[in-house]
file data_22.cif (mmCIF, C-alpha atoms)
data_query
loop_
_atom_site.label_atom_id
_atom_site.label_comp_id
_atom_site.auth_asym_id
_atom_site.auth_seq_id
_atom_site.Cartn_x
_atom_site.Cartn_y
_atom_site.Cartn_z
CA GLY A 1 47.53 59.88 120.87
CA PHE A 2 45.92 57.71 123.53
CA ILE A 3 44.95 54.93 121.16
CA SER A 4 48.51 54.28 119.94
CA GLY A 5 49.75 53.86 123.51
CA TYR A 6 46.69 51.78 124.42
CA VAL A 7 47.13 49.41 121.47
CA ALA A 8 50.88 49.13 122.07
CA ALA A 9 50.26 48.32 125.75
CA LYS A 10 47.82 45.55 124.81
CA GLU A 11 50.31 44.04 122.41
CA LEU A 12 53.09 44.36 124.99
CA SER A 13 51.00 42.44 127.53
CA GLN A 14 50.72 39.64 124.96
CA GLY A 15 54.48 39.45 124.36
CA GLN A 16 54.66 41.43 121.08
CA GLU A 17 58.13 42.72 120.13
CA ASP A 18 58.12 46.42 121.02
CA ALA A 19 60.21 47.53 118.01
CA LYS A 20 57.27 46.58 115.75
CA TYR A 21 55.26 49.53 117.13
CA TYR A 22 57.49 51.90 115.17
CA GLU A 23 56.28 50.40 111.88
CA ASP A 24 53.44 52.75 110.98
CA ASP A 25 51.55 50.20 108.85
CA PHE A 26 51.73 47.57 111.58
CA LEU A 27 50.51 49.82 114.38
CA GLY A 28 48.01 51.55 112.09
CA SER A 29 46.35 48.22 111.33
CA LEU A 30 46.02 47.48 115.05
CA VAL A 31 44.56 50.93 115.67
CA GLN A 32 42.03 50.40 112.90
CA LYS A 33 40.88 47.17 114.57
CA GLU A 34 40.20 49.02 117.82
CA CYS A 35 38.58 52.05 116.20
CA SER A 36 37.95 51.99 112.45
CA LYS A 37 37.57 55.81 112.25
CA THR A 38 40.98 56.53 113.79
CA PHE A 39 44.51 56.43 112.45
CA ASP A 40 47.51 56.91 114.71
CA ILE A 41 51.21 56.08 114.90
CA TYR A 42 53.47 55.27 117.84
CA SER A 43 56.55 57.20 116.70
CA PRO A 44 58.31 59.24 118.03
CA ASN A 45 57.30 58.12 121.54
CA PRO A 46 59.91 56.20 123.58
CA PRO A 47 59.35 52.44 124.06
CA THR A 48 58.40 53.00 127.71
CA TYR A 49 55.35 55.04 126.63
CA SER A 50 53.44 51.79 126.11
CA MET A 51 53.94 50.89 129.79
CA MET A 52 52.22 54.11 130.80
CA MET A 53 48.99 52.76 129.32
CA LEU A 54 49.14 49.27 130.87
CA PRO A 55 46.67 50.17 133.69
CA PHE A 56 43.97 50.83 131.05
CA ILE A 57 44.12 47.66 128.92
CA ALA A 58 41.66 45.75 131.11
CA LEU A 59 38.96 48.09 129.71
CA ASP A 60 37.78 48.32 126.13
CA TYR A 61 39.10 51.27 124.15
CA GLN A 62 36.11 53.61 124.56
CA TRP A 63 35.90 53.22 128.34
CA ALA A 64 39.67 53.36 128.70
CA LYS A 65 39.74 56.69 126.87
CA VAL A 66 36.91 58.08 129.03
CA ILE A 67 38.80 57.16 132.20
CA TRP A 68 42.01 58.65 130.81
CA VAL A 69 40.25 61.92 129.93
CA ILE A 70 38.79 62.11 133.46
CA VAL A 71 42.25 61.47 134.95
CA SER A 72 43.79 64.13 132.66
CA PHE A 73 41.18 66.74 133.57
CA THR A 74 41.59 65.98 137.27
CA LEU A 75 45.36 66.41 136.99
CA LEU A 76 44.76 69.72 135.18
CA LEU A 77 42.65 70.95 138.10
CA VAL A 78 45.32 69.81 140.56
CA SER A 79 47.93 71.70 138.51
CA CYS A 80 45.82 74.86 138.68
CA LYS A 81 45.45 74.47 142.45
CA ILE A 82 49.22 74.07 142.90
CA ILE A 83 49.86 77.13 140.72
CA SER A 84 47.32 79.28 142.61
CA ASN A 85 48.85 78.20 145.94
CA ASN A 86 52.23 79.49 144.74
CA TYR A 87 50.72 82.90 143.86
CA PRO A 88 48.63 83.81 146.93
CA GLY A 89 46.79 87.07 146.49
CA ARG A 90 47.63 87.20 142.79
CA PHE A 91 45.83 84.30 141.11
CA LYS A 92 42.84 82.56 142.64
CA PHE A 93 41.93 79.01 141.66
CA SER A 94 38.76 80.35 140.00
CA ASP A 95 40.87 82.74 137.86
CA LEU A 96 42.86 79.81 136.50
CA ILE A 97 39.70 77.84 135.76
CA ILE A 98 38.55 80.71 133.54
CA LEU A 99 41.92 80.67 131.77
CA ILE A 100 41.83 76.94 131.04
CA LEU A 101 38.29 77.28 129.67
CA LEU A 102 39.74 79.65 127.06
CA PHE A 103 42.79 77.47 126.33
CA GLN A 104 42.25 75.53 123.08
CA PRO A 105 45.22 73.17 123.66
CA VAL A 106 43.39 71.90 126.75
CA TYR A 107 40.31 71.02 124.71
CA VAL A 108 42.26 69.21 122.00
CA ASN A 109 44.12 67.16 124.62
CA LEU A 110 40.81 66.07 126.15
CA ARG A 111 39.15 65.43 122.79
CA MET A 112 42.02 63.32 121.45
CA GLY A 113 42.99 61.71 124.75
CA GLN A 114 46.49 63.17 124.43
CA ASN A 115 48.82 63.08 127.42
CA TYR A 116 50.12 66.66 127.57
CA LEU A 117 47.86 67.55 130.48
CA PHE A 118 49.63 64.78 132.37
CA LEU A 119 52.97 66.28 131.30
CA LEU A 120 51.72 69.73 132.38
CA PHE A 121 50.98 68.22 135.80
CA LEU A 122 54.51 66.77 135.98
CA LEU A 123 55.97 70.13 134.88
CA THR A 124 53.97 71.85 137.63
CA ILE A 125 55.25 69.38 140.23
CA ILE A 126 58.85 69.98 139.06
CA TRP A 127 58.35 73.76 139.26
CA ASP A 128 56.69 73.56 142.68
CA GLY A 129 59.31 71.12 143.95
CA TRP A 130 62.16 73.33 142.75
CA LYS A 131 60.62 76.42 144.37
CA ASN A 132 59.71 74.79 147.66
CA ASP A 133 62.63 72.38 148.10
CA ARG A 134 60.67 69.19 147.37
CA SER A 135 63.53 67.53 145.52
CA PHE A 136 62.23 63.98 145.54
CA LEU A 137 58.89 64.89 143.94
CA ALA A 138 60.62 67.15 141.42
CA GLY A 139 63.17 64.43 140.53
CA LEU A 140 60.51 61.73 140.23
CA SER A 141 58.35 63.94 137.98
CA LEU A 142 61.34 64.83 135.79
CA ALA A 143 62.11 61.12 135.41
CA LEU A 144 58.52 60.24 134.48
CA MET A 145 58.46 63.05 131.93
CA ALA A 146 61.67 61.71 130.39
CA VAL A 147 60.80 58.02 130.21
CA PHE A 148 57.25 58.51 128.92
CA LYS A 149 57.61 61.40 126.45
CA LEU A 150 61.07 63.06 126.61
CA GLY A 151 59.06 66.14 127.55
CA VAL A 152 60.56 69.62 128.23
CA ILE A 153 64.03 68.24 127.58
CA TRP A 154 65.79 71.59 128.20
CA LEU A 155 64.91 71.40 131.89
CA TRP A 156 67.83 68.98 132.33
CA PRO A 157 70.66 71.37 131.32
CA LEU A 158 68.98 74.28 133.16
CA LEU A 159 68.83 72.25 136.36
CA LEU A 160 72.48 71.29 135.81
CA LEU A 161 73.52 74.92 135.27
CA SER A 162 71.54 75.90 138.37
CA GLY A 163 73.40 73.36 140.49
CA LYS A 164 70.28 71.34 141.38
CA TRP A 165 72.27 68.13 141.80
CA LYS A 166 69.81 66.47 144.16
CA ILE A 167 66.89 66.74 141.73
CA LEU A 168 69.06 65.54 138.83
CA LEU A 169 70.52 62.64 140.81
CA ILE A 170 67.10 61.45 141.95
CA SER A 171 65.76 61.76 138.40
CA ALA A 172 68.72 60.00 136.78
CA CYS A 173 68.46 57.11 139.26
CA MET A 174 64.73 56.82 138.61
CA VAL A 175 65.25 56.79 134.82
CA VAL A 176 67.90 54.06 135.08
CA LEU A 177 65.71 52.04 137.45
CA PHE A 178 62.66 52.33 135.19
CA ILE A 179 64.60 51.33 132.06
CA ALA A 180 66.20 48.39 133.91
CA VAL A 181 62.82 47.14 135.15
CA SER A 182 61.25 47.52 131.71
CA TYR A 183 64.15 45.94 129.78
CA PRO A 184 62.89 42.32 130.03
CA PHE A 185 59.61 43.43 128.43
CA LEU A 186 60.86 46.00 125.91
CA GLY A 187 64.26 44.67 124.92
CA PHE A 188 67.09 46.61 123.26
CA ASP A 189 65.92 46.76 119.63
CA ALA A 190 63.05 49.07 120.47
CA TRP A 191 65.43 51.67 121.93
CA ILE A 192 67.69 51.50 118.86
CA THR A 193 64.67 52.00 116.60
CA PHE A 194 63.44 54.88 118.77
CA PHE A 195 66.72 56.81 118.69
CA ASP A 196 67.06 56.19 114.94
CA GLN A 197 63.62 57.71 114.40
CA VAL A 198 64.30 60.67 116.70
CA ALA A 199 67.41 61.44 114.63
CA GLU A 200 65.25 61.49 111.47
CA VAL A 201 62.33 63.53 112.84
CA ALA A 202 63.74 66.89 111.71
CA ASN A 203 64.25 65.58 108.16
CA LYS A 204 60.68 64.42 107.58
CA PRO A 205 59.06 66.36 104.69
CA SER A 206 55.74 66.21 106.55
CA SER A 207 57.18 68.48 109.28
CA ALA A 208 56.69 71.42 106.88
CA VAL A 209 52.88 71.41 107.18
CA THR A 210 51.32 74.28 109.15
CA ALA A 211 49.75 71.91 111.68
CA TYR A 212 53.21 71.87 113.28
CA GLN A 213 53.47 75.19 115.11
CA SER A 214 57.23 75.39 115.49
CA ILE A 215 60.26 77.27 114.22
CA PRO A 216 61.46 74.29 112.09
CA SER A 217 58.05 73.96 110.47
CA PHE A 218 57.87 77.72 109.76
CA PHE A 219 61.18 77.85 107.89
CA LYS A 220 60.64 74.56 106.10
CA HIS A 221 57.16 75.61 104.97
CA LEU A 222 58.42 78.89 103.56
CA PHE A 223 61.71 77.73 102.04
CA THR A 224 61.60 74.01 101.15
CA TYR A 225 59.66 72.13 98.47
CA ASP A 226 57.98 68.74 98.57
CA THR A 227 55.52 67.52 95.93
CA HIS A 228 53.10 66.09 98.48
CA TRP A 229 53.69 67.92 101.76
CA ASN A 230 54.74 71.41 100.70
CA PRO A 231 54.11 72.24 97.03
CA TYR A 232 53.80 76.05 97.55
CA PRO A 233 56.82 77.52 99.38
CA VAL A 234 57.59 81.23 99.07
CA PHE A 235 60.84 80.22 97.38
CA VAL A 236 63.26 77.34 97.73
CA SER A 237 66.38 78.14 99.71
CA THR A 238 68.70 75.54 101.24
CA PHE A 239 70.36 78.32 103.21
CA MET A 240 67.12 79.52 104.86
CA GLY A 241 65.44 76.11 105.14
CA GLU A 242 68.44 74.31 106.59
CA TYR A 243 71.56 76.29 107.57
CA PHE A 244 69.91 79.48 108.87
CA LEU A 245 67.25 77.40 110.62
CA LYS A 246 69.86 75.31 112.46
CA ALA A 247 71.86 78.41 113.40
CA LEU A 248 68.72 80.14 114.71
CA ILE A 249 67.65 77.19 116.84
CA PHE A 250 71.19 76.74 118.18
CA SER A 251 71.37 80.45 119.06
CA LEU A 252 67.97 80.45 120.76
CA ILE A 253 68.79 77.40 122.85
CA LEU A 254 72.28 78.63 123.76
CA GLY A 255 71.00 82.11 124.61
CA SER A 256 68.21 80.64 126.72
CA LEU A 257 70.61 78.42 128.66
CA ILE A 258 72.96 81.36 129.31
CA LEU A 259 70.12 83.58 130.54
CA GLY A 260 68.73 80.71 132.58
CA TYR A 261 72.14 80.26 134.19
CA PHE A 262 72.29 83.90 135.33
CA SER A 263 68.66 84.06 136.49
CA LYS A 264 67.70 83.24 140.07
CA ASN A 265 63.97 83.28 139.29
CA ILE A 266 62.66 79.69 139.17
CA ASP A 267 59.40 80.80 137.51
CA LEU A 268 61.36 82.21 134.59
CA LYS A 269 63.80 79.29 134.39
CA VAL A 270 61.04 76.67 134.12
CA SER A 271 59.05 78.86 131.71
CA LEU A 272 62.15 79.30 129.55
CA ALA A 273 62.74 75.54 129.35
CA ALA A 274 59.09 74.82 128.51
CA VAL A 275 58.77 77.48 125.79
CA ILE A 276 62.09 76.61 124.12
CA SER A 277 61.28 72.88 124.22
CA VAL A 278 57.95 73.41 122.44
CA ILE A 279 58.78 76.01 119.80
CA THR A 280 62.01 74.32 118.66
CA SER A 281 60.44 70.86 118.39
CA PRO A 282 59.92 69.86 114.73
CA LEU A 283 56.62 68.12 115.59
CA ALA A 284 54.97 70.62 117.97
CA LEU A 285 51.21 70.35 117.39
CA ASP A 286 48.46 72.36 119.09
CA TYR A 287 48.14 69.94 122.01
CA HIS A 288 51.85 70.38 122.85
CA TYR A 289 51.03 74.01 123.68
CA ALA A 290 49.13 72.88 126.78
CA LEU A 291 52.62 72.87 128.35
CA LEU A 292 52.70 76.65 127.93
CA LEU A 293 49.80 77.16 130.35
CA LEU A 294 52.24 77.31 133.27
CA PRO A 295 54.67 79.71 131.50
CA SER A 296 51.72 81.95 130.51
CA ILE A 297 50.68 82.27 134.16
CA ALA A 298 54.27 82.62 135.40
CA VAL A 299 55.04 85.40 132.90
CA LEU A 300 51.84 87.24 133.89
CA ALA A 301 52.84 86.90 137.55
CA ASN A 302 56.34 88.27 136.87
CA PHE A 303 55.26 90.96 134.42
CA GLN A 304 56.46 94.45 135.36
CA GLY A 305 55.09 96.61 132.61
CA GLY A 306 54.57 99.66 134.78
CA ASN A 307 52.44 102.12 132.85
CA SER A 308 53.20 100.53 129.48
CA LYS A 309 49.82 99.57 128.09
CA LYS A 310 51.40 98.47 124.81
CA ALA A 311 53.51 95.86 126.60
CA SER A 312 50.45 94.64 128.51
CA TYR A 313 48.43 94.32 125.32
CA LEU A 314 51.28 92.46 123.58
CA LEU A 315 51.56 89.93 126.41
CA VAL A 316 47.81 89.32 126.43
CA ALA A 317 47.87 89.02 122.61
CA GLY A 318 50.62 86.40 122.86
CA ILE A 319 48.60 84.30 125.30
CA LEU A 320 45.51 84.63 123.12
CA LEU A 321 47.46 83.51 120.05
CA ILE A 322 48.32 80.32 121.93
CA SER A 323 44.90 79.76 123.44
CA LEU A 324 42.38 80.59 120.70
CA PRO A 325 41.37 78.10 117.94
CA PHE A 326 42.61 79.89 114.83
CA PRO A 327 42.09 78.02 111.50
CA TYR A 328 45.81 77.88 110.69
CA THR A 329 45.60 74.48 108.98
CA SER A 330 43.36 75.95 106.27
CA GLU A 331 44.56 75.11 102.77
CA ILE A 332 44.33 78.80 101.82
CA LEU A 333 46.90 79.73 104.48
CA GLY A 334 49.33 77.09 103.26
CA LYS A 335 50.24 78.73 99.95
CA GLY A 336 53.15 81.11 99.43
CA ILE A 337 53.77 84.21 101.51
CA ILE A 338 50.31 84.10 103.10
CA ALA A 339 51.58 81.14 105.13
CA VAL A 340 53.20 83.64 107.52
CA PHE A 341 49.69 83.99 108.98
CA ALA A 342 49.47 80.24 109.61
CA TYR A 343 51.61 80.13 112.77
CA PRO A 344 49.64 81.87 115.56
CA LYS A 345 50.68 79.51 118.35
CA LEU A 346 54.34 79.81 117.38
CA TYR A 347 54.07 83.61 117.46
CA GLY A 348 52.39 83.41 120.85
CA GLY A 349 55.23 81.22 122.12
CA LEU A 350 57.81 83.66 120.73
CA ILE A 351 56.07 86.58 122.46
CA LEU A 352 56.20 84.68 125.75
CA LEU A 353 59.90 83.99 125.13
CA ILE A 354 60.59 87.70 124.53
CA PHE A 355 58.87 88.64 127.80
CA ILE A 356 60.87 85.95 129.65
CA PHE A 357 64.11 87.33 128.16
CA ILE A 358 63.14 90.88 129.19
CA ALA A 359 62.17 89.80 132.71
CA ILE A 360 65.49 87.95 133.21
CA ARG A 361 67.44 90.93 131.88
CA ARG A 362 65.66 93.25 134.32
CA GLU A 363 66.30 90.80 137.15
CA ILE A 364 70.04 90.65 136.37
CA ILE A 365 70.29 94.46 136.10
CA SER A 366 68.40 95.04 139.36
CA ARG A 367 70.63 92.52 141.14
CA LYS A 368 73.75 94.38 139.93
CA ILE A 369 72.34 97.72 141.13
CA ILE A 370 71.65 96.28 144.59
CA GLN A 371 75.16 94.86 144.78
#
call {"tool": "encode", "arguments": {"input": "data_22.cif", "output": "structure tokens"}}
result
Amino acid sequence: GFISGYVAAKELSQGQEDAKYYEDDFLGSLVQKECSKTFDIYSPNPPTYSMMMLPFIALDYQWAKVIWVIVSFTLLLVSCKIISNNYPGRFKFSDLIILILLFQPVYVNLRMGQNYLFLLFLLTIIWDGWKNDRSFLAGLSLALMAVFKLGVIWLWPLLLLSGKWKILLISACMVVLFIAVSYPFLGFDAWITFFDQVAEVANKPSSAVTAYQSIPSFFKHLFTYDTHWNPYPVFVSTFMGEYFLKALIFSLILGSLILGYFSKNIDLKVSLAAVISVITSPLALDYHYALLLLPSIAVLANFQGGNSKKASYLLVAGILLISLPFPYTSEILGKGIIAVFAYPKLYGGLILLIFIFIAIRREIISRKIIQ
């Protein structure tokens, strides 16, 4: 959250070794000094995340968070304006304001001072830049998303497959420049620690709790056992909890990249990358789903249900599953087979993914008919 980045930035300004931030006890003690009612960890953020918060360290924690929340909400409004400008006659700015008022991931980002509204803004700039040939802004935003959070990582291969060399080149140069500038302050050990921790994220027993609304969490919760984190699986199965899970994620990502390659629709390409990045992440919490605001709008804009009311209802249901505050972390929903009801946001993301797949398939078929 905000406080971990804020505390790390303060320590960085005082010459603290950045690799120490990845020690949960060390950073937790610093967080407790700033706000005794809060506990937070720095992992698995990249070392450069701390530099994102440097502009705020001149203020005390409470005021810094207030300013950050105001900045985040402003960027959310700007994102909505950019989106409405790309859909003239279809979505008015006021329509999108109503949608964000119903979107629970927006509220949790503002309440916790999380940075996924900032990432949503960057995603919107990338999408707008790709659509309207603003390569520099798109490349810069992609670079910022990478160095601060490794956000929407599957945009990189989709841009590569789409032949968007200019955006990728600008972004790669910006990433290298940013890391080079930050190296004297962050050092090399922090990056080694970061990549070691990223490699271990999927193996953490805590990733099985229902707070994580992702495909890895779903299968681990149902089919793996841990005394502390997951004492009530449906049954223990190494095949389902490990091998089938890996095969499913690999197939979803590969299938998405193939469909993204054949699609010419930028709305669907960006939506595909965002949805896949969130639902396959082992640590996707509710505030990560703020990134699916843009795909939700894009899928609605590209929806061609004709007279199919059932399809319309299913799409709306998927968006509501993402946006409404269901009590999926309830202890009752964490036991046995009933845990299948504890993943509403994941199901909403999967429904969006299905509609994206269908829309791309229709696009490819219609293009063949025209040819």
call {"tool": "closest_residue", "arguments": {"input": "data_22.cif", "among": "A:Ile253, A:Ala58, A:Ile338, A:Ala359", "to": "A:Pro157", "atoms": "all atoms listed in the file"}}
result
A:Ile253
call {"tool": "residues_around", "arguments": {"input": "data_22.cif", "residues": "A:Ile83", "least_positions_apart": "3", "cutoff": "10 Å", "atoms": "all atoms listed in the file", "output": "MDAnalysis selection string"}}
result
chainID A and resid 77:80 86:88 91:93 96 124:125 127:128 294 297:298
call {"tool": "atom_distance", "arguments": {"input": "data_22.cif", "atom1": "atom CA of A:Val152", "atom2": "atom CA of A:Val270"}}
result
9.2 Å
call {"tool": "resolve_selection", "arguments": {"input": "data_22.cif", "expression": "the PyMOL selection byres ((chain A and resi 362-370) around 9)", "output": "PyMOL selection string"}}
result
chain A and resi 262-265+357-361+371
call {"tool": "resolve_selection", "arguments": {"input": "data_22.cif", "expression": "the PyMOL selection byres ((chain A and resi 105) around 6)", "output": "ChimeraX atom specification"}}
result
/A:103-104,106-108,286-287,289-290
call {"tool": "write_last_selection", "arguments": {"input": "data_22.cif", "atoms": "C-alpha atoms", "output": "tab-separated table (two decimals), keeping the file's coordinate frame"}}
result
chain	number	residue	atom	x	y	z
A	103	PHE	CA	42.79	77.47	126.33
A	104	GLN	CA	42.25	75.53	123.08
A	106	VAL	CA	43.39	71.90	126.75
A	107	TYR	CA	40.31	71.02	124.71
A	108	VAL	CA	42.26	69.21	122.00
A	286	ASP	CA	48.46	72.36	119.09
A	287	TYR	CA	48.14	69.94	122.01
A	289	TYR	CA	51.03	74.01	123.68
A	290	ALA	CA	49.13	72.88	126.78
call {"tool": "resolve_selection", "arguments": {"input": "data_22.cif", "expression": "the PyMOL selection byres ((chain A and resi 242) around 12)", "output": "VMD selection string"}}
result
chain A and resid 202 to 203 215 to 224 236 to 241 243 to 249
call {"tool": "residues_near_point", "arguments": {"input": "data_22.cif", "point": "(50.4, 85.5, 129.3)", "cutoff": "8 Å", "atoms": "only C-alpha atoms", "output": "count of residues only"}}
result
13
call {"tool": "residues_around", "arguments": {"input": "data_22.cif", "residues": "stretch 166-173 of chain A", "least_positions_apart": "6", "cutoff": "12 Å", "atoms": "all atoms listed in the file", "output": "tab-separated table (two decimals) with C-alpha atoms, keeping the file's coordinate frame"}}
result
chain	number	residue	atom	x	y	z
A	126	ILE	CA	58.85	69.98	139.06
A	127	TRP	CA	58.35	73.76	139.26
A	129	GLY	CA	59.31	71.12	143.95
A	130	TRP	CA	62.16	73.33	142.75
A	131	LYS	CA	60.62	76.42	144.37
A	133	ASP	CA	62.63	72.38	148.10
A	134	ARG	CA	60.67	69.19	147.37
A	135	SER	CA	63.53	67.53	145.52
A	136	PHE	CA	62.23	63.98	145.54
A	137	LEU	CA	58.89	64.89	143.94
A	138	ALA	CA	60.62	67.15	141.42
A	139	GLY	CA	63.17	64.43	140.53
A	140	LEU	CA	60.51	61.73	140.23
A	141	SER	CA	58.35	63.94	137.98
A	142	LEU	CA	61.34	64.83	135.79
A	143	ALA	CA	62.11	61.12	135.41
A	144	LEU	CA	58.52	60.24	134.48
A	145	MET	CA	58.46	63.05	131.93
A	146	ALA	CA	61.67	61.71	130.39
A	147	VAL	CA	60.80	58.02	130.21
A	155	LEU	CA	64.91	71.40	131.89
A	156	TRP	CA	67.83	68.98	132.33
A	157	PRO	CA	70.66	71.37	131.32
A	158	LEU	CA	68.98	74.28	133.16
A	159	LEU	CA	68.83	72.25	136.36
A	160	LEU	CA	72.48	71.29	135.81
A	179	ILE	CA	64.60	51.33	132.06
A	180	ALA	CA	66.20	48.39	133.91
call {"tool": "closest_residue", "arguments": {"input": "data_22.cif", "among": "A:Thr48, A:Ser251, A:Asp267, A:Val201", "to": "A:Val175", "atoms": "all atoms listed in the file"}}
result
A:Thr48
call {"tool": "atom_distance", "arguments": {"input": "data_22.cif", "atom1": "atom CA of A:Phe326", "atom2": "atom CA of A:Asp40"}}
result
23.5 Å
call {"tool": "closest_residue", "arguments": {"input": "data_22.cif", "among": "A:Gln213, A:Gln62, A:Ser162, A:Thr329", "to": "A:Leu259", "atoms": "all atoms listed in the file"}}
result
A:Ser162
call {"tool": "residues_near_point", "arguments": {"input": "data_22.cif", "point": "(48.5, 63.5, 137.9)", "cutoff": "8 Å", "atoms": "all atoms listed in the file", "output": "list in words"}}
result
Val71, Ser72, Thr74, Leu75, Leu76, Val78, Phe118, Phe121 and Leu122 of chain A
call {"tool": "closest_residue", "arguments": {"input": "data_22.cif", "among": "A:Phe148, A:Tyr21, A:Trp229, A:Phe341", "to": "A:Ala208", "atoms": "only C-alpha atoms"}}
result
A:Trp229
call {"tool": "atom_distance", "arguments": {"input": "data_22.cif", "atom1": "atom CA of A:Tyr116", "atom2": "atom CA of A:Lys149"}}
result
9.2 Å
call {"tool": "closest_residue", "arguments": {"input": "data_22.cif", "among": "A:Tyr232, A:Pro282, A:Val275, A:Tyr313", "to": "A:Ile332", "atoms": "only C-alpha atoms"}}
result
A:Tyr232
call {"tool": "closest_residue", "arguments": {"input": "data_22.cif", "among": "A:Leu99, A:Leu150, A:Leu119, A:Ile276", "to": "A:Ile351", "atoms": "all atoms listed in the file"}}
result
A:Ile276
